[in-house]
Amino acid sequence: MSRILAVGTALPPFRLSQSDAKVLAGRLFGSRIKTLKRYLTVFDHAVVDQRFFCVAPEWFLSEHRIGETNETYLEWAKELACKATLLCLDRAGMKPEQVDRIIFVSSSGIATPSLDVDLILKLGLRTDVRRTPVFGLGCAGGASGVGLAATICRATNERILLVAVELNSLTFQRNDLTPKNLVATSLFGDGAAAILIGPAEGGAGKLEIVKSTSLLYPDTSPQMGLHFGDFGFELVFSERAPSIISELMPLALPPLLADDSIHLNQVKSLVFHPGGRRVLEVFERSLGRSSKDFFSSYETLRRHGNMSSATVLFVLDHVLEHEKQAPGSYGILAAFGPGFSAELSLLRWAEGEAAGLC
């Protein structure tokens with residue numbers, strides 16, 4: 001059985017409160033959007049208090065070439081990946097050379113060779129470590145990585161480092177005057193997370209990964225994603241997203257639970273990607289739960305906004321810190337992303353006193 005041995009997170013240095021972000025949006029769009037005052041209310045209802053960015057607020061006020069933006073991505077993605085990984089390994093009591101495989105997830109910048117190479121060389125991972133870079137899964141990337149790592153671990157007994165880094169601030173398009181760009185401006189932030197998954201050696205790790213499933217919903221791919229245009233990545237986001245997730249939820253959950261004969265009322269920990277307030281409300285209705293049951297998702301959204309693939313790992317970190325359940329209790333880790341795709345893992349709180357060590 002594969003276990004989550006530790007989680008580490010990292011944030012860039014520029015903190016922006018939601019009220020300051022609203023003022024900044026007013027400066028950016030005020031003279032160009034006639035109905036700006038009405039649209040700015042999205043900042044008040046996003047359930048976001050603050051976010052962290054790899055660039056200062058003044059960066060958003062001017063144009064930037066694609067090459068310049070991507071260089072900024074490379075610089076900060078490398079730094080944040082290293083910080084999150086070092087914290088993760090320290091919490092696990094592991095040395096870099098004990099990692100057997102690395103899965104690197106990111107969709108907000110381009111790098112060849114992939115950024116796991118820099119991570120391996122800087123932190124001293126073995127040069128024969130297996131590498132799996134993953135691109136294009138957006139918000140579902142972190143959850144997909146958990147499922148992939150758990151599957152490989154069960155087959156190989158490898159210790160697998162999953163790193164997710166997203167710098168959504170660098171995808172901002174100042175000349176995009178559509179409502180969806182303003183919604184994105186009120187919601188997305190930057191961050192990195194690392195998670196170590198491995199066999200339950202000596203009872204280490206609080207959470208077991210029982211199984212993972214994926215489900216692709218046909219004919220919805222144009223509704224969410226990133227389009228690479230003349231000025232870099234451009235957000236594609238439809239107002240239909242919450243309703244599509246609502247349709248996908250009852251299709252995605254049964255395959256995760258059926259083989260183990262688990263009922264939803266046995267699931268105590270809900271580690272769900274907070275794509276936004278409306279998405280969390282969809283989760284509540286679909287599962288018949290209250291907002292209190294998604295405490296860690298709401299807290300992550302409030303403190304950091306939507307950090308795309310890394311966000312669900314921040315939620316996981318918060319759950320491990322604040323929502324420990326009785327041994328044998330179940331949890332679900334889930335994220336929905338471009339495709340539309342659902343990526344889910346069934347978790348179980350480990351037995352024994354040693355399971356409290358992470």
# chains A, B, ... in the order shown; residues from 1 in each chain; ligands from 1
>>> residues_around(residues="Val129 in chain A", least_positions_apart="5", cutoff="8 Å", atoms="only C-alpha atoms", output="compact mmCIF listing (two decimals) with C-alpha atoms, in the first residue's frame")
# COMPACT_ATOMS: atom_id res chain seq x y z
CA VAL A 99 14.08 9.56 -3.89
CA ASP A 100 13.67 7.02 -6.71
CA ARG A 101 11.40 8.92 -9.09
CA ILE A 102 10.21 12.49 -9.63
>>> residues_around(residues="Pro250 in chain A", least_positions_apart="2", cutoff="12 Å", atoms="only C-alpha atoms", output="list in words")
Leu215, Tyr217, Ile244, Ile245, Ser246, Glu247, Leu248, Ala252, Leu253, Pro254, Pro255, Leu256, Leu257, Leu264, Val282, Phe283, Arg285, Ser286, Leu287, Gly288 and Ala342 of chain A
>>> write_last_selection(atoms="C-alpha atoms", output="mmCIF file, in the first residue's frame")
data_model
loop_
_atom_site.group_PDB
_atom_site.id
_atom_site.type_symbol
_atom_site.label_atom_id
_atom_site.label_comp_id
_atom_site.auth_asym_id
_atom_site.auth_seq_id
_atom_site.Cartn_x
_atom_site.Cartn_y
_atom_site.Cartn_z
ATOM 1 C CA LEU A 215 -12.749 10.246 -15.870
ATOM 2 C CA TYR A 217 -16.179 14.082 -19.839
ATOM 3 C CA ILE A 244 -20.207 20.745 -15.975
ATOM 4 C CA ILE A 245 -18.515 19.705 -12.723
ATOM 5 C CA SER A 246 -21.986 19.162 -11.239
ATOM 6 C CA GLU A 247 -22.765 16.757 -14.103
ATOM 7 C CA LEU A 248 -19.394 15.037 -13.805
ATOM 8 C CA ALA A 252 -16.778 10.180 -11.239
ATOM 9 C CA LEU A 253 -17.447 9.158 -7.632
ATOM 10 C CA PRO A 254 -19.051 5.666 -7.934
ATOM 11 C CA PRO A 255 -16.029 4.013 -9.647
ATOM 12 C CA LEU A 256 -13.809 5.295 -6.837
ATOM 13 C CA LEU A 257 -15.948 3.786 -4.082
ATOM 14 C CA LEU A 264 -20.069 8.424 1.138
ATOM 15 C CA VAL A 282 -21.185 22.316 -6.314
ATOM 16 C CA PHE A 283 -19.162 19.871 -4.217
ATOM 17 C CA ARG A 285 -24.584 19.971 -3.068
ATOM 18 C CA SER A 286 -23.285 16.877 -4.864
ATOM 19 C CA LEU A 287 -22.089 15.212 -1.651
ATOM 20 C CA GLY A 288 -24.848 16.519 0.611
ATOM 21 C CA ALA A 342 -11.896 14.355 -12.932
#
>>> select_by_dssp(residues="range 123-265 of chain A", states="helix (DSSP H, G or I)", output="MDAnalysis selection string")
chainID A and resid 123 138:156 168:171 179:185 201:203 221:223 241:260 264:265
>>> closest_residue(among="A:Leu161, A:Ala56, A:Ala204, A:Leu270", to="Leu125 in chain A", atoms="only C-alpha atoms")
A:Leu161
>>> atom_distance(atom1="CA of Asn157 in chain A", atom2="CA of Pro199 in chain A")
5.7 Å
>>> select_by_dssp(residues="range 90-220 of chain A", states="strand (DSSP E or B)", output="count of residues only")
39
>>> atom_distance(atom1="CA of Ala10 in chain A", atom2="CA of Phe272 in chain A")
19.3 Å
